[in-house]
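Undergrad: My questions all concern the structure below.
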Amino acid sequence: MPSSMGSVAENEPMCSTSQSTMESDCSANLHQAYTESSNEYIRAYLKAKNDYGNYSCSGYKCYLDVIKQDLKPFSQGIDKKMIELTIPKGVKYIIMDGRVYREKDCLFPSRCEGVDYFLNSIKEHIPNTQLVINFHDWPQVNKHFNQLLPVFSFSKTDEFFDIMYPAWSFWKGGPALSLYPKGIGRWDEFYEKLVQKSKIWTWNKKKNLGFFIGSRTSSERDHLILLSRGHPELVEAKYTKNQAWKSIKDTLNEPPSKEVPLEEHCHYKYLFNFRGVAASFRFKFLFLCKSVVVNVGNEWDEFFYRGLKPWYHYIPMNKDDSQEQYKSLLLFLIQEDEIAQEIANRGFDFIFNNLKMQDVKDYWKELLVQYTKLLKFKPKLDKDLVDVTTP
Ligand code: UDP
């Protein structure tokens with residue numbers, strides 16, 4: 001990932017403009033720095049084309065390596081004792097004879113309903129099984145501090161043993177905004193709406209601007225927000241309120257901005273994604289605008305992230321890249337419009353073809369079939385579980 005431009009401190013002017021000689025030195029330096037990073041971007045883009053030019057996969061099969069990798073630590077099998085120790089870390093589920101049962105108490109009822117939906121759609125294809133699902137944003141089993149336990153979480157970094165599952169919010173229980181008071185969900189409906197928007201907001205109609213809107217769930221977003229305040233001609237990036245908002249400190253010392261619906265993200269060519277508390281649900285939506293997605297930081301994963309290839313389907317940046325690096329990437333994308341459009345089209349095609357609702361269900365199915373092979377005991381129903389089977 002290009003990262004050679006990080007020499008100017010944050011919030012400092014990019015160049016001194018006090019003397020005309022300095023001015024010309026400065027613009028020559030900037031020009032040289034721009035050319036260097038631009039060459040680096042071109043190399044990364046060409047290398048990705050070379051590496052992934054023949055890359056092809058279909059639907060949930062694009063993510064099979066993730067299942068293999070997540071289940072590998074459990075290759076010795078999962079016994080009853082391990083499951084008992086896992087239960088306090090989440091909500092217990094049993095699928096038995098084509099019916100779905102779970103613990104009655106669920107801290108986030110709509111998140112549980114989101115998962116209930118997926119388990120119900122695949123229940124006939126799953127052998128009897130038992131699993132523990134974590135509904136918090138944060139994964140549970142840190143490799144350095146915990147013994148190996150099979151807990152399912154929607155997102156994690158390499159530091160965790162958690163087994164990734166497709167988030168509840170593909171159906172229900174995503175973050176509630178004033179725009180989406182019931183919470184963002186129904187990926188199938190957003191999928192249709194965003195694809196329609198991408199047909200209206202074709203590449204040449206989009207603004208040559210970077211765009212990000214969201215709350216300050218992670219300070220890793222600050223560089224782009226600050227760049228936007230100094231260079232609104234390059235990027236529109238703003239902080240909104242979330243439920244934890246108390247004062248303008250929570251929106252980096254400016255009043256919160258008005259929320260912008262996901263469909264309106266399609267008006268911009270360069271859409272930024274950042275982690276939030278864990279991975280942000282925003283990532284998948286951005287691709288369907290047919291804009292180029294810039295993903296900042298590669299630490300936080302969801303099950304489908306690794307199917308997408310850097311500089312081929314999206315543009316990667318490092319989480320600690322400076323404002324100057326954001327600026328140089330945006331200038332590059334504006335300059336190299338065809339490259340930007342090519343990557344935007346490939347990112348769109350990948351998500352459009354391989355992350356349909358059916359692919360998400362198929363991933364759940366394959367994950368549970370493979371997981372169940374590792375169980376060393378026959379699951380038994382307890383009285384404290386409720387039947388959440390739907391037709
Ligand atoms: N979001 C949106 N419009 C806004 C603000 C947020 O559509 O004006 C969406 C955003 O894309 C994400 C969700 O709301 O999917 C939550 O965003 P936020 O930044 O609050 O938290 P995150 O989950 O990204 O940490």
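Following the order of the structure tokens, chains are lettered A, B, ..., residues in each are numbered from 1, and ligands are numbered from 1.
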Sorted by chain and rising residue number, which residues of chain A lie within 8 Å of ligand 1, and what are their closest atom pairs and distances in Å to one decimal, counting only C-alpha atoms and all ligand atoms, as a Markdown table?
TA:
| residue | atom | partner | partner_atom_place_in_ligand_line | distance |
| --- | --- | --- | --- | --- |
| A:Gly174 | CA | ligand 1 | 13 (C) | 7.6 |
| A:Pro175 | CA | ligand 1 | 16 (C) | 5.5 |
| A:Ala176 | CA | ligand 1 | 14 (O) | 7.4 |
| A:Leu177 | CA | ligand 1 | 14 (O) | 6.5 |
| A:Leu179 | CA | ligand 1 | 3 (N) | 7.5 |
| A:Ile184 | CA | ligand 1 | 15 (O) | 7.1 |
| A:Ile213 | CA | ligand 1 | 8 (O) | 5.1 |
| A:Gly214 | CA | ligand 1 | 19 (O) | 3.2 |
| A:Ser215 | CA | ligand 1 | 19 (O) | 4.0 |
| A:Arg216 | CA | ligand 1 | 19 (O) | 6.4 |
| A:Thr217 | CA | ligand 1 | 25 (O) | 4.8 |
| A:Ser218 | CA | ligand 1 | 25 (O) | 7.0 |
| A:Tyr239 | CA | ligand 1 | 19 (O) | 7.8 |
| A:Thr240 | CA | ligand 1 | 5 (C) | 6.2 |
| A:Lys241 | CA | ligand 1 | 20 (O) | 7.5 |
| A:Asn242 | CA | ligand 1 | 20 (O) | 5.8 |
| A:Ser257 | CA | ligand 1 | 8 (O) | 7.8 |
| A:Lys258 | CA | ligand 1 | 8 (O) | 6.5 |
| A:Glu259 | CA | ligand 1 | 8 (O) | 3.1 |
| A:Val260 | CA | ligand 1 | 8 (O) | 3.9 |
| A:Pro261 | CA | ligand 1 | 7 (O) | 4.7 |
| A:Leu262 | CA | ligand 1 | 7 (O) | 4.4 |
| A:Asn273 | CA | ligand 1 | 24 (O) | 7.9 |
| A:Phe274 | CA | ligand 1 | 24 (O) | 7.0 |
| A:Arg275 | CA | ligand 1 | 25 (O) | 6.2 |
| A:Gly276 | CA | ligand 1 | 25 (O) | 3.2 |
| A:Val277 | CA | ligand 1 | 25 (O) | 5.6 |
| A:Ala278 | CA | ligand 1 | 25 (O) | 7.2 |
| A:Ala279 | CA | ligand 1 | 25 (O) | 7.2 |
| A:Ser280 | CA | ligand 1 | 24 (O) | 4.3 |
| A:Phe281 | CA | ligand 1 | 15 (O) | 4.6 |
| A:Arg282 | CA | ligand 1 | 15 (O) | 3.7 |
| A:Phe283 | CA | ligand 1 | 15 (O) | 7.5 |
| A:Phe285 | CA | ligand 1 | 11 (O) | 7.5 |
Undergrad: As a tab-separated table (two decimals) with all heavy atoms, in the first residue's frame, please: every residue in region 214-306 of chain A that DSSP puts in alpha helix (DSSP H).
TA:
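The resulting file, result.tsv, is reproduced below:
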chain	number	residue	atom	x	y	z
A	222	ASP	N	-10.63	10.81	11.65
A	222	ASP	CA	-10.37	12.25	11.82
A	222	ASP	C	-9.57	12.87	10.67
A	222	ASP	O	-9.84	14.01	10.27
A	222	ASP	CB	-9.61	12.51	13.13
A	222	ASP	CG	-10.48	12.28	14.36
A	222	ASP	OD1	-11.67	11.95	14.20
A	222	ASP	OD2	-9.96	12.42	15.48
A	223	HIS	N	-8.56	12.18	10.16
A	223	HIS	CA	-7.71	12.78	9.12
A	223	HIS	C	-8.53	13.25	7.93
A	223	HIS	O	-8.31	14.32	7.39
A	223	HIS	CB	-6.69	11.76	8.58
A	223	HIS	CG	-5.62	11.40	9.57
A	223	HIS	ND1	-5.03	12.30	10.40
A	223	HIS	CD2	-5.02	10.22	9.84
A	223	HIS	CE1	-4.13	11.71	11.16
A	223	HIS	NE2	-4.12	10.43	10.84
A	224	LEU	N	-9.47	12.42	7.54
A	224	LEU	CA	-10.27	12.76	6.35
A	224	LEU	C	-11.22	13.93	6.66
A	224	LEU	O	-11.42	14.81	5.83
A	224	LEU	CB	-11.06	11.55	5.86
A	224	LEU	CG	-11.75	11.78	4.52
A	224	LEU	CD1	-10.74	11.84	3.38
A	224	LEU	CD2	-12.77	10.68	4.21
A	225	ILE	N	-11.77	13.93	7.87
A	225	ILE	CA	-12.68	15.02	8.26
A	225	ILE	C	-11.90	16.34	8.25
A	225	ILE	O	-12.36	17.35	7.73
A	225	ILE	CB	-13.27	14.75	9.69
A	225	ILE	CG1	-13.99	13.41	9.74
A	225	ILE	CG2	-14.15	15.92	10.14
A	225	ILE	CD1	-15.26	13.28	8.95
A	226	LEU	N	-10.68	16.31	8.81
A	226	LEU	CA	-9.87	17.53	8.85
A	226	LEU	C	-9.47	17.98	7.45
A	226	LEU	O	-9.48	19.17	7.14
A	226	LEU	CB	-8.62	17.30	9.72
A	226	LEU	CG	-8.94	17.13	11.23
A	226	LEU	CD1	-7.69	16.71	11.99
A	226	LEU	CD2	-9.51	18.42	11.81
A	227	LEU	N	-9.15	17.01	6.60
A	227	LEU	CA	-8.80	17.38	5.22
A	227	LEU	C	-9.99	18.06	4.55
A	227	LEU	O	-9.84	19.06	3.84
A	227	LEU	CB	-8.38	16.13	4.42
A	227	LEU	CG	-7.99	16.42	2.96
A	227	LEU	CD1	-6.69	17.23	2.89
A	227	LEU	CD2	-7.83	15.14	2.16
A	228	SER	N	-11.16	17.55	4.81
A	228	SER	CA	-12.36	18.11	4.20
A	228	SER	C	-12.58	19.55	4.66
A	228	SER	O	-13.01	20.41	3.88
A	228	SER	CB	-13.55	17.23	4.57
A	228	SER	OG	-14.75	17.85	4.29
A	229	ARG	N	-12.27	19.82	5.95
A	229	ARG	CA	-12.45	21.19	6.44
A	229	ARG	C	-11.48	22.15	5.76
A	229	ARG	O	-11.81	23.30	5.49
A	229	ARG	CB	-12.27	21.23	7.96
A	229	ARG	CG	-13.41	20.52	8.67
A	229	ARG	CD	-13.23	20.47	10.18
A	229	ARG	NE	-14.24	19.62	10.79
A	229	ARG	CZ	-14.24	19.27	12.06
A	229	ARG	NH1	-13.27	19.69	12.87
A	229	ARG	NH2	-15.19	18.48	12.54
A	230	GLY	N	-10.29	21.66	5.46
A	230	GLY	CA	-9.28	22.51	4.80
A	230	GLY	C	-9.40	22.51	3.29
A	230	GLY	O	-9.01	23.48	2.63
A	282	ARG	N	-21.08	-0.09	6.59
A	282	ARG	CA	-21.15	0.76	5.40
A	282	ARG	C	-20.46	0.15	4.16
A	282	ARG	O	-20.89	0.36	3.03
A	282	ARG	CB	-20.53	2.10	5.79
A	282	ARG	CG	-19.80	2.85	4.82
A	282	ARG	CD	-19.02	4.01	5.40
A	282	ARG	NE	-19.75	5.01	6.15
A	282	ARG	CZ	-19.82	5.06	7.49
A	282	ARG	NH1	-19.19	4.16	8.21
A	282	ARG	NH2	-20.50	5.99	8.12
A	283	PHE	N	-19.38	-0.64	4.38
A	283	PHE	CA	-18.50	-1.08	3.27
A	283	PHE	C	-19.29	-1.65	2.08
A	283	PHE	O	-19.15	-1.19	0.96
A	283	PHE	CB	-17.54	-2.13	3.83
A	283	PHE	CG	-16.34	-2.43	2.96
A	283	PHE	CD1	-15.66	-1.44	2.28
A	283	PHE	CD2	-15.84	-3.74	2.87
A	283	PHE	CE1	-14.53	-1.73	1.50
A	283	PHE	CE2	-14.72	-4.03	2.09
A	283	PHE	CZ	-14.07	-3.02	1.41
A	284	LYS	N	-20.15	-2.62	2.33
A	284	LYS	CA	-20.82	-3.31	1.22
A	284	LYS	C	-21.73	-2.38	0.42
A	284	LYS	O	-21.84	-2.48	-0.79
A	284	LYS	CB	-21.63	-4.52	1.72
A	284	LYS	CG	-22.68	-4.18	2.77
A	284	LYS	CD	-23.35	-5.44	3.26
A	284	LYS	CE	-24.37	-5.19	4.36
A	284	LYS	NZ	-23.81	-4.61	5.60
A	285	PHE	N	-22.37	-1.42	1.13
A	285	PHE	CA	-23.29	-0.51	0.43
A	285	PHE	C	-22.55	0.35	-0.59
A	285	PHE	O	-23.07	0.63	-1.67
A	285	PHE	CB	-23.99	0.43	1.42
A	285	PHE	CG	-24.85	-0.26	2.44
A	285	PHE	CD1	-24.47	-0.37	3.76
A	285	PHE	CD2	-26.07	-0.81	2.06
A	285	PHE	CE1	-25.27	-1.00	4.70
A	285	PHE	CE2	-26.89	-1.44	3.00
A	285	PHE	CZ	-26.48	-1.53	4.32
A	286	LEU	N	-21.35	0.81	-0.21
A	286	LEU	CA	-20.64	1.78	-1.05
A	286	LEU	C	-20.39	1.24	-2.45
A	286	LEU	O	-20.47	1.98	-3.44
A	286	LEU	CB	-19.30	2.17	-0.39
A	286	LEU	CG	-19.39	2.72	1.04
A	286	LEU	CD1	-18.00	3.12	1.54
A	286	LEU	CD2	-20.35	3.91	1.14
A	287	PHE	N	-20.08	-0.06	-2.54
A	287	PHE	CA	-19.75	-0.63	-3.86
A	287	PHE	C	-20.91	-0.53	-4.84
A	287	PHE	O	-20.71	-0.38	-6.03
A	287	PHE	CB	-19.36	-2.10	-3.70
A	287	PHE	CG	-18.01	-2.28	-3.07
A	287	PHE	CD1	-17.89	-2.53	-1.71
A	287	PHE	CD2	-16.85	-2.19	-3.83
A	287	PHE	CE1	-16.64	-2.69	-1.12
A	287	PHE	CE2	-15.60	-2.35	-3.25
A	287	PHE	CZ	-15.50	-2.60	-1.90
Undergrad: Given only C-alpha atoms as the basis, pick out the residue of A:Thr389, A:Asn54, A:Ser328, A:Thr372 nearest to Asn39 (chain A).
TA: A:Ser328
Undergrad: Please identify all polymer residues within 6 Å of region 334-344 of chain A, counting only C-alpha atoms, omitting same-chain residues fewer than 5 positions from it, and present them as a short mmCIF file (atom, residue, chain, number, x, y, z; two decimals) with N, CA and C atoms, in the first residue's frame.
TA:
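File produced: out-v7.cif:
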data_model
loop_
_atom_site.label_atom_id
_atom_site.label_comp_id
_atom_site.auth_asym_id
_atom_site.auth_seq_id
_atom_site.Cartn_x
_atom_site.Cartn_y
_atom_site.Cartn_z
N LYS A 290 -21.47 2.08 -7.64
CA LYS A 290 -20.54 2.09 -8.77
C LYS A 290 -19.62 3.30 -8.68
N SER A 291 -19.27 3.65 -7.46
CA SER A 291 -18.24 4.67 -7.21
C SER A 291 -17.02 3.88 -6.76
N VAL A 292 -15.84 4.54 -6.75
CA VAL A 292 -14.67 3.78 -6.32
C VAL A 292 -14.60 3.84 -4.79
N TYR A 312 -7.78 -3.67 -7.03
CA TYR A 312 -8.49 -4.35 -8.12
C TYR A 312 -9.99 -4.07 -7.99
N HIS A 313 -10.51 -4.29 -6.77
CA HIS A 313 -11.92 -3.99 -6.52
C HIS A 313 -12.11 -2.71 -5.71
#
Undergrad: Neighbouring residues of Asn295 (chain A) were defined as those with any atom within 9 Å, considering only C-alpha atoms; residues of the same chain fewer than 2 positions away were excluded. Please report them as a ChimeraX atom specification.
TA: /A:271-275,283,293,297-298,310,314-318
Undergrad: Report the residues of region 45-228 of chain A whose backbone DSSP state falls under strand (DSSP E or B), written as a PyMOL selection string.
TA: chain A and resi 78+91-96+99-103+129-133+142+151-153+156+160+163-164+207-214
Undergrad: Suppose you want the space between CA of Asp137 (chain A) and CA of Lys156 (chain A); what is it in Å?
TA: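 Value for the CA of Asp137 (chain A)-CA of Lys156 (chain A) distance: 9.0 Å.
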Undergrad: Which is closer to Lys373 (chain A) than all the others in A:Lys80, A:Cys106, A:Lys238, A:Ile126, using only C-alpha atoms?
TA: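 When distances to Lys373 (chain A) are compared using only C-alpha atoms, the smallest one comes from A:Ile126.
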